[in-house]
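J.: Structure file final_26.cif (mmCIF, C-alpha atoms) right here:
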```
data_start
loop_
_atom_site.label_atom_id
_atom_site.label_comp_id
_atom_site.auth_asym_id
_atom_site.auth_seq_id
_atom_site.Cartn_x
_atom_site.Cartn_y
_atom_site.Cartn_z
CA MET A 443 -52.49 -119.63 -2.27
CA GLU A 444 -54.80 -121.47 0.11
CA ALA A 445 -56.23 -119.59 3.07
CA THR A 446 -54.42 -121.96 5.43
CA THR A 447 -51.06 -120.92 3.99
CA LYS A 448 -51.65 -117.17 3.87
CA PRO A 449 -49.53 -115.17 6.28
CA THR A 450 -51.09 -113.08 8.99
CA LEU A 451 -51.24 -109.44 7.85
CA LEU A 452 -50.08 -106.64 10.12
CA ILE A 453 -50.99 -103.20 8.77
CA VAL A 454 -48.98 -100.21 10.00
CA HIS A 455 -51.10 -97.19 9.22
CA GLY A 456 -50.13 -93.70 8.18
CA GLY A 457 -50.32 -90.31 9.86
CA TRP A 458 -53.74 -88.68 10.34
CA HIS A 459 -55.28 -92.12 9.85
CA VAL A 460 -56.75 -94.53 12.38
CA PRO A 461 -57.62 -98.21 11.89
CA HIS A 462 -61.17 -97.28 10.85
CA SER A 463 -59.69 -95.38 7.89
CA TYR A 464 -58.70 -98.79 6.49
CA GLY A 465 -62.06 -100.47 7.02
CA LYS A 466 -62.73 -100.94 3.30
CA LEU A 467 -59.31 -102.53 2.79
CA THR A 468 -59.32 -104.72 5.89
CA SER A 469 -62.76 -106.06 4.99
CA ALA A 470 -61.57 -106.90 1.48
CA LEU A 471 -58.39 -108.55 2.76
CA ARG A 472 -60.34 -110.66 5.22
CA ALA A 473 -62.73 -111.65 2.45
CA ALA A 474 -59.66 -112.79 0.50
CA GLY A 475 -58.76 -115.13 3.37
CA PHE A 476 -56.27 -113.10 5.40
CA GLU A 477 -56.22 -112.61 9.14
CA VAL A 478 -55.67 -108.87 9.54
CA HIS A 479 -54.34 -106.85 12.46
CA ILE A 480 -54.15 -103.05 12.49
CA PRO A 481 -53.18 -101.51 15.83
CA ARG A 482 -53.66 -97.79 16.32
CA ASN A 483 -50.42 -95.82 16.33
CA VAL A 484 -49.95 -94.07 19.67
CA SER A 485 -49.11 -90.80 17.92
CA MET A 486 -52.77 -90.71 16.90
CA ASN A 487 -54.03 -90.60 20.49
CA GLY A 488 -55.21 -87.00 20.15
CA SER A 489 -53.16 -85.66 23.05
CA ARG A 490 -52.46 -81.91 23.00
CA PRO A 491 -49.59 -81.27 23.13
CA PRO A 492 -48.60 -84.57 21.53
CA ASN A 493 -47.09 -87.09 23.94
CA ALA A 494 -46.21 -89.88 21.49
CA ASP A 495 -43.99 -90.00 18.43
CA LEU A 496 -41.99 -92.31 16.15
CA ALA A 497 -40.29 -94.05 19.07
CA THR A 498 -43.61 -94.71 20.81
CA ASP A 499 -45.22 -96.00 17.63
CA SER A 500 -42.18 -98.17 16.93
CA ASP A 501 -42.38 -99.70 20.40
CA LEU A 502 -46.04 -100.51 19.86
CA ILE A 503 -45.49 -102.14 16.48
CA ARG A 504 -42.44 -104.05 17.71
CA ALA A 505 -44.42 -105.44 20.62
CA TYR A 506 -47.45 -106.27 18.47
CA ALA A 507 -45.39 -108.00 15.78
CA SER A 508 -43.40 -109.86 18.45
CA SER A 509 -46.59 -111.23 19.97
CA LEU A 510 -47.65 -112.59 16.59
CA VAL A 511 -44.34 -114.18 15.66
CA GLU A 512 -43.79 -115.60 19.13
CA ALA A 513 -47.12 -117.36 18.69
CA GLY A 514 -45.57 -119.05 15.64
CA ARG A 515 -47.26 -116.85 13.04
CA ASP A 516 -45.78 -116.03 9.66
CA VAL A 517 -46.44 -112.31 9.30
CA ALA A 518 -46.55 -110.04 6.25
CA VAL A 519 -46.35 -106.37 7.19
CA LEU A 520 -48.20 -103.84 5.02
CA MET A 521 -46.96 -100.32 5.72
CA HIS A 522 -48.67 -97.19 4.42
CA SER A 523 -47.01 -93.76 4.22
CA TYR A 524 -45.61 -92.85 7.68
CA GLY A 525 -46.24 -96.48 8.57
CA GLY A 526 -43.16 -97.29 6.52
CA GLN A 527 -41.00 -95.19 8.84
CA VAL A 528 -42.52 -96.94 11.86
CA GLY A 529 -42.15 -100.46 10.47
CA THR A 530 -38.64 -99.77 9.24
CA ASN A 531 -37.67 -98.53 12.70
CA ALA A 532 -39.43 -101.31 14.59
CA LEU A 533 -39.03 -104.68 12.96
CA TYR A 534 -35.39 -105.56 12.37
CA GLY A 535 -34.50 -109.00 13.73
CA LEU A 536 -38.01 -110.45 13.56
CA SER A 537 -37.71 -112.03 10.11
CA HIS A 538 -38.65 -115.66 9.63
CA LYS A 539 -35.08 -116.50 8.59
CA ALA A 540 -33.54 -114.76 11.61
CA ARG A 541 -35.86 -116.59 13.99
CA ALA A 542 -35.39 -119.93 12.22
CA ALA A 543 -31.64 -119.57 12.69
CA LYS A 544 -32.32 -119.52 16.43
CA GLY A 545 -34.60 -122.55 16.21
CA LEU A 546 -37.73 -120.44 16.59
CA SER A 547 -40.93 -120.71 14.57
CA GLY A 548 -42.83 -117.79 13.07
CA GLY A 549 -41.46 -114.50 11.85
CA VAL A 550 -41.89 -111.64 9.41
CA THR A 551 -41.88 -113.05 5.90
CA HIS A 552 -42.70 -109.94 3.84
CA LEU A 553 -42.24 -106.20 4.22
CA ILE A 554 -44.69 -104.50 1.86
CA TYR A 555 -44.30 -100.74 1.52
CA MET A 556 -47.36 -98.99 0.07
CA ALA A 557 -46.64 -95.36 -0.87
CA ALA A 558 -44.48 -95.63 2.24
CA PHE A 559 -41.14 -94.37 3.50
CA ALA A 560 -38.31 -96.91 3.18
CA LEU A 561 -35.30 -94.94 4.34
CA PRO A 562 -31.69 -95.63 5.39
CA GLU A 563 -30.24 -95.41 8.87
CA GLY A 564 -30.69 -92.08 10.62
CA LYS A 565 -32.93 -90.56 7.96
CA LYS A 566 -36.09 -88.51 8.53
CA MET A 567 -39.16 -88.37 6.30
CA VAL A 568 -38.51 -84.70 5.59
CA ASP A 569 -35.04 -85.61 4.32
CA LYS A 570 -36.72 -87.09 1.25
CA VAL A 571 -38.79 -83.93 0.80
CA GLU A 572 -35.64 -81.82 1.06
CA GLU A 573 -33.77 -84.09 -1.36
CA PHE A 574 -36.29 -83.20 -4.05
CA GLY A 575 -36.33 -79.49 -3.18
CA HIS A 576 -39.93 -79.51 -1.97
CA MET A 577 -39.64 -78.12 1.56
CA ASP A 578 -41.48 -74.98 0.43
CA ARG A 579 -44.55 -77.13 -0.20
CA MET A 580 -44.84 -78.27 3.42
CA PRO A 581 -46.76 -75.19 4.70
CA ALA A 582 -49.16 -75.42 1.78
CA ALA A 583 -49.84 -79.12 2.32
CA PHE A 584 -50.01 -79.25 6.11
CA SER A 585 -51.23 -76.92 8.84
CA PHE A 586 -48.99 -77.06 11.94
CA ASP A 587 -50.15 -75.72 15.29
CA GLU A 588 -47.80 -74.32 17.93
CA ASP A 589 -47.53 -77.74 19.58
CA GLN A 590 -46.44 -79.22 16.21
CA SER A 591 -49.57 -81.28 15.82
CA CYS A 592 -50.85 -80.97 12.28
CA VAL A 593 -53.62 -81.70 9.82
CA PRO A 594 -53.60 -81.98 6.03
CA ASN A 595 -54.88 -78.80 4.41
CA TYR A 596 -56.39 -80.57 1.41
CA PRO A 597 -57.35 -84.13 2.34
CA LYS A 598 -59.46 -84.69 -0.77
CA GLU A 599 -57.00 -83.21 -3.25
CA GLY A 600 -53.77 -84.21 -1.51
CA LEU A 601 -54.28 -87.39 0.49
CA VAL A 602 -56.98 -89.02 -1.60
CA GLY A 603 -56.09 -87.23 -4.82
CA GLU A 604 -58.02 -86.14 -7.84
CA PRO A 605 -59.39 -87.52 -10.09
CA TYR A 606 -59.51 -90.62 -7.88
CA ALA A 607 -61.63 -88.91 -5.22
CA ASP A 608 -64.17 -87.87 -7.83
CA GLU A 609 -64.67 -91.50 -8.82
CA LEU A 610 -65.95 -92.37 -5.34
CA ASP A 611 -69.44 -92.11 -3.97
CA PRO A 612 -69.53 -88.69 -2.26
CA GLU A 613 -70.80 -90.23 0.97
CA GLU A 614 -67.98 -92.78 0.99
CA LEU A 615 -65.43 -90.03 0.43
CA ALA A 616 -66.91 -87.87 3.19
CA ALA A 617 -66.95 -90.80 5.61
CA TYR A 618 -63.29 -91.51 4.87
CA ILE A 619 -62.19 -87.91 5.34
CA ALA A 620 -64.13 -87.84 8.62
CA THR A 621 -61.84 -90.57 9.99
CA LEU A 622 -58.76 -88.36 9.54
CA SER A 623 -57.63 -86.35 12.53
CA ARG A 624 -54.79 -84.34 14.04
CA TRP A 625 -51.40 -86.08 14.22
CA ASN A 626 -48.05 -85.33 15.82
CA GLY A 627 -46.29 -83.66 12.91
CA LYS A 628 -42.95 -83.91 14.73
CA CYS A 629 -42.88 -87.53 13.55
CA MET A 630 -41.96 -86.31 10.09
CA TYR A 631 -38.81 -84.70 11.52
CA LEU A 632 -37.61 -87.66 13.61
CA PRO A 633 -34.83 -89.96 12.33
CA LEU A 634 -34.73 -93.72 12.26
CA GLU A 635 -33.01 -94.85 15.45
CA ASN A 636 -32.65 -98.56 14.77
CA THR A 637 -31.27 -100.83 12.06
CA PRO A 638 -33.79 -100.60 9.21
CA ALA A 639 -36.05 -103.63 8.97
CA TRP A 640 -35.40 -103.89 5.24
CA ARG A 641 -31.83 -104.96 6.02
CA ASP A 642 -33.30 -108.17 7.43
CA ASP A 643 -34.03 -111.30 5.39
CA ALA A 644 -37.74 -110.74 4.79
CA LYS A 645 -38.95 -110.39 1.20
CA LEU A 646 -39.21 -106.75 0.16
CA CYS A 647 -42.11 -105.39 -1.84
CA TYR A 648 -43.26 -101.91 -2.87
CA ILE A 649 -46.71 -100.88 -4.09
CA TYR A 650 -46.26 -97.73 -6.18
CA THR A 651 -49.08 -95.17 -6.29
CA LEU A 652 -48.49 -93.43 -9.59
CA GLY A 653 -50.76 -90.42 -9.06
CA ASP A 654 -49.64 -89.68 -5.50
CA LEU A 655 -49.31 -86.01 -4.51
CA THR A 656 -48.36 -86.65 -0.87
CA VAL A 657 -45.50 -89.10 -1.43
CA PRO A 658 -44.85 -88.48 -5.13
CA ILE A 659 -43.87 -91.37 -7.34
CA ASP A 660 -40.37 -89.89 -7.76
CA TYR A 661 -39.88 -90.23 -3.99
CA GLN A 662 -41.15 -93.78 -4.08
CA ARG A 663 -38.93 -94.86 -6.97
CA SER A 664 -35.88 -93.24 -5.40
CA MET A 665 -36.40 -95.24 -2.21
CA VAL A 666 -36.67 -98.51 -4.10
CA GLN A 667 -33.60 -97.62 -6.14
CA TYR A 668 -31.65 -97.11 -2.92
CA LEU A 669 -32.74 -100.50 -1.58
CA GLU A 670 -31.64 -102.11 -4.84
CA LYS A 671 -28.27 -100.34 -4.66
CA GLU A 672 -27.92 -101.89 -1.21
CA GLY A 673 -28.25 -105.31 -2.83
CA LYS A 674 -31.90 -105.91 -2.07
CA VAL A 675 -34.40 -107.45 -4.47
CA VAL A 676 -37.67 -105.52 -4.40
CA GLN A 677 -40.86 -106.79 -6.02
CA THR A 678 -42.98 -103.89 -7.21
CA VAL A 679 -46.58 -103.31 -8.25
CA ASP A 680 -47.91 -100.20 -10.01
CA LEU A 681 -51.32 -98.81 -9.03
CA GLU A 682 -52.82 -95.89 -10.92
CA THR A 683 -54.13 -94.10 -7.84
CA GLY A 684 -53.32 -91.44 -5.27
CA HIS A 685 -52.02 -91.59 -1.71
CA SER A 686 -55.03 -93.48 -0.33
CA PRO A 687 -55.04 -96.77 -2.26
CA ASN A 688 -56.76 -98.38 0.72
CA LEU A 689 -59.80 -96.34 -0.37
CA THR A 690 -59.41 -95.67 -4.10
CA ALA A 691 -57.69 -98.86 -5.31
CA THR A 692 -58.82 -101.43 -2.78
CA LYS A 693 -59.05 -104.34 -5.20
CA GLY A 694 -55.65 -103.49 -6.65
CA VAL A 695 -54.10 -103.54 -3.19
CA VAL A 696 -55.72 -106.86 -2.32
CA ASP A 697 -54.61 -108.40 -5.61
CA ALA A 698 -51.08 -107.10 -5.02
CA VAL A 699 -50.93 -108.46 -1.47
CA VAL A 700 -52.20 -111.85 -2.62
CA ARG A 701 -49.60 -112.01 -5.39
CA LEU A 702 -46.71 -110.65 -3.35
CA THR A 703 -47.30 -112.95 -0.39
CA SER A 704 -47.67 -115.95 -2.68
CA ALA A 705 -44.06 -115.56 -3.80
#
```
Translate this file's structure into structure tokens.

T.:
Amino acid sequence: MEATTKPTLLIVHGGWHVPHSYGKLTSALRAAGFEVHIPRNVSMNGSRPPNADLATDSDLIRAYASSLVEAGRDVAVLMHSYGGQVGTNALYGLSHKARAAKGLSGGVTHLIYMAAFALPEGKKMVDKVEEFGHMDRMPAAFSFDEDQSCVPNYPKEGLVGEPYADELDPEELAAYIATLSRWNGKCMYLPLENTPAWRDDAKLCYIYTLGDLTVPIDYQRSMVQYLEKEGKVVQTVDLETGHSPNLTATKGVVDAVVRLTSA
């Protein structure tokens, strides 16, 4: 696919992460010829107590994506982890086909979920955890303060994942973990409020992370299976990595994005 025909990439990042957490990936995507945008979710503003949540993040991403498509851009959205809940909640009605039907140029062409939540109407992220009987793991994985802000207890073992973390340069791993910070954990308990974006006419894709301990592969496959039961075609890519493919499987993610957006 020539650089001139590549869609603009909008990355919707996960909880605890900030745009700098994706520096390795965004650099590689730009080197591959993509224009990349990665706004900072408002729920990562560091306010104590938290003053932003899923709705606030959704408003931000809706406005950002709207500005791109209204400028006539074709946009592929790459959503990571919690970013899937945000993108799902934010982007319905912005697809290229929906806009073309109104005589408008630009639009969302691809929704790419990467170890991300792709849930039905009214569902919360923790609903998937409860479905698999894993609610007892939440206190072990995450440390919640009284204001419901939280941090991951084991960022190396859980978010990055072993053995993938051990394959990195120790300084690179430490620099990545240093980008992670406190997030509004209430976001995990908030339901989708809008029509899910995956019900639109954009192409659906899912990048599986097979060694993921944070959003286990069984969760991921169950979400794709639901989309397929709803009549959707989902292109999938397997990556042998943990929950931070932006760090531990950067080339694999770039290759997947190139292939998925070429279709």

J.: Env of A:Thr678: 12 Å cut, atoms = only C-alpha atoms, seq-sep filter 2 positions within chain, self excluded. Answer as a list in words.

T.: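 The contact residues come out as Leu553, Ile554, Tyr555, Met556, Ala557, Lys645, Leu646, Cys647, Tyr648, Ile649, Tyr650, Thr651, Gln662, Arg663, Met665, Val666, Gln667, Glu670, Val675, Val676, Asp680, Leu681, Val695, Ala698, Val699, Arg701 and Leu702 of chain A.
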
J.: Could you work out how far atom CA of A:His552 lies from atom CA of A:Leu496, giving the answer in Å with one decimal?

T.: 21.5 Å

J.: Using only C-alpha atoms, what table do you get, as a Markdown table, when you list each residue of stretch 453-524 of chain A with an atom no more than 8 Å from stretch 624-629 of chain A, its nearest pair of atoms, and their distance in Å rounded to one decimal, rows by chain then rising number?

T.:
```
| residue | atom | partner | partner_atom | distance |
| --- | --- | --- | --- | --- |
| A:Gly457 | CA | A:Trp625 | CA | 6.2 |
| A:Trp458 | CA | A:Trp625 | CA | 5.2 |
| A:Ser485 | CA | A:Asn626 | CA | 6.0 |
| A:Met486 | CA | A:Trp625 | CA | 5.5 |
| A:Gly488 | CA | A:Arg624 | CA | 6.7 |
| A:Pro492 | CA | A:Asn626 | CA | 5.8 |
| A:Ala494 | CA | A:Asn626 | CA | 7.5 |
| A:Asp495 | CA | A:Cys629 | CA | 5.6 |
| A:Leu496 | CA | A:Cys629 | CA | 5.5 |
```

J.: Using all atoms listed in the file, which residue out of A:Pro594, A:Pro638, A:Gly456, A:Gly603 lies closest to A:Leu533?

T.: A:Pro638

J.: Which residue, A:Val679, A:Leu634, A:Leu669, A:Lys565, has the smallest gap to A:Ala497 when you use all atoms listed in the file?

T.: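 Closest residue, counting all atoms listed in the file: A:Leu634.
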
J.: Figure out the distance between atom CA of A:His455 and atom CA of A:Ala507, please, to one decimal in Å.

T.: 13.9 Å

J.: Restricting the calculation to only C-alpha atoms, which member of A:Glu512, A:Glu563, A:Asp642, A:Glu599 is positioned closest to A:Gly535?

T.: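 Selected residue with least distance to A:Gly535: A:Asp642.
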
J.: Of the candidates A:Val700, A:Ala607, A:Leu601, A:Val528, which shows the shortest atom-to-atom distance to A:Ala474, using all atoms listed in the file?

T.: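 With all atoms listed in the file as the atom set, the closest residue is A:Val700.
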
J.: Evaluated on this file, the PyMOL selection byres ((chain A and resi 469) around 12) picks out some residues - which ones are they, written as a ChimeraX atom specification?

T.: /A:461-468,470-480,688-689,692-693,696

J.: How would the residues just picked look written out with C-alpha atoms as a JSON list (two decimals), in the coordinates of the input?

T.:
```json
[["chain", "number", "residue", "atom", "x", "y", "z"],
["A", 461, "PRO", "CA", -57.62, -98.21, 11.89],
["A", 462, "HIS", "CA", -61.17, -97.28, 10.85],
["A", 463, "SER", "CA", -59.69, -95.38, 7.89],
["A", 464, "TYR", "CA", -58.70, -98.79, 6.49],
["A", 465, "GLY", "CA", -62.06, -100.47, 7.02],
["A", 466, "LYS", "CA", -62.73, -100.94, 3.30],
["A", 467, "LEU", "CA", -59.31, -102.53, 2.79],
["A", 468, "THR", "CA", -59.32, -104.72, 5.89],
["A", 470, "ALA", "CA", -61.57, -106.90, 1.48],
["A", 471, "LEU", "CA", -58.39, -108.55, 2.76],
["A", 472, "ARG", "CA", -60.34, -110.66, 5.22],
["A", 473, "ALA", "CA", -62.73, -111.65, 2.45],
["A", 474, "ALA", "CA", -59.66, -112.79, 0.50],
["A", 475, "GLY", "CA", -58.76, -115.13, 3.37],
["A", 476, "PHE", "CA", -56.27, -113.10, 5.40],
["A", 477, "GLU", "CA", -56.22, -112.61, 9.14],
["A", 478, "VAL", "CA", -55.67, -108.87, 9.54],
["A", 479, "HIS", "CA", -54.34, -106.85, 12.46],
["A", 480, "ILE", "CA", -54.15, -103.05, 12.49],
["A", 688, "ASN", "CA", -56.76, -98.38, 0.72],
["A", 689, "LEU", "CA", -59.80, -96.34, -0.37],
["A", 692, "THR", "CA", -58.82, -101.43, -2.78],
["A", 693, "LYS", "CA", -59.05, -104.34, -5.20],
["A", 696, "VAL", "CA", -55.72, -106.86, -2.32]]
```

J.: Name the residues that the PyMOL selection byres ((chain A and resi 600) around 12) pulls out of this structure, and write them as a ChimeraX atom specification.

T.: /A:579-580,582-584,593-599,601-607,619,653-658,683-686

J.: For the selection you just gave me, I'd like the residues written to a file as a compact mmCIF listing (two decimals), keeping the file's coordinate frame, keeping C-alpha atoms.

T.:
```txt
# COMPACT_ATOMS: atom_id res chain seq x y z
CA ARG A 579 -44.55 -77.13 -0.20
CA MET A 580 -44.84 -78.27 3.42
CA ALA A 582 -49.16 -75.42 1.78
CA ALA A 583 -49.84 -79.12 2.32
CA PHE A 584 -50.01 -79.25 6.11
CA VAL A 593 -53.62 -81.70 9.82
CA PRO A 594 -53.60 -81.98 6.03
CA ASN A 595 -54.88 -78.80 4.41
CA TYR A 596 -56.39 -80.57 1.41
CA PRO A 597 -57.35 -84.13 2.34
CA LYS A 598 -59.46 -84.69 -0.77
CA GLU A 599 -57.00 -83.21 -3.25
CA LEU A 601 -54.28 -87.39 0.49
CA VAL A 602 -56.98 -89.02 -1.60
CA GLY A 603 -56.09 -87.23 -4.82
CA GLU A 604 -58.02 -86.14 -7.84
CA PRO A 605 -59.39 -87.52 -10.09
CA TYR A 606 -59.51 -90.62 -7.88
CA ALA A 607 -61.63 -88.91 -5.22
CA ILE A 619 -62.19 -87.91 5.34
CA GLY A 653 -50.76 -90.42 -9.06
CA ASP A 654 -49.64 -89.68 -5.50
CA LEU A 655 -49.31 -86.01 -4.51
CA THR A 656 -48.36 -86.65 -0.87
CA VAL A 657 -45.50 -89.10 -1.43
CA PRO A 658 -44.85 -88.48 -5.13
CA THR A 683 -54.13 -94.10 -7.84
CA GLY A 684 -53.32 -91.44 -5.27
CA HIS A 685 -52.02 -91.59 -1.71
CA SER A 686 -55.03 -93.48 -0.33
```

J.: Smallest atom-to-atom distance to A:Tyr661: which of A:Leu546, A:Met567, A:Val460, A:Ala505, using all atoms listed in the file?

T.: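 For A:Tyr661, the nearest of the candidates is A:Met567.
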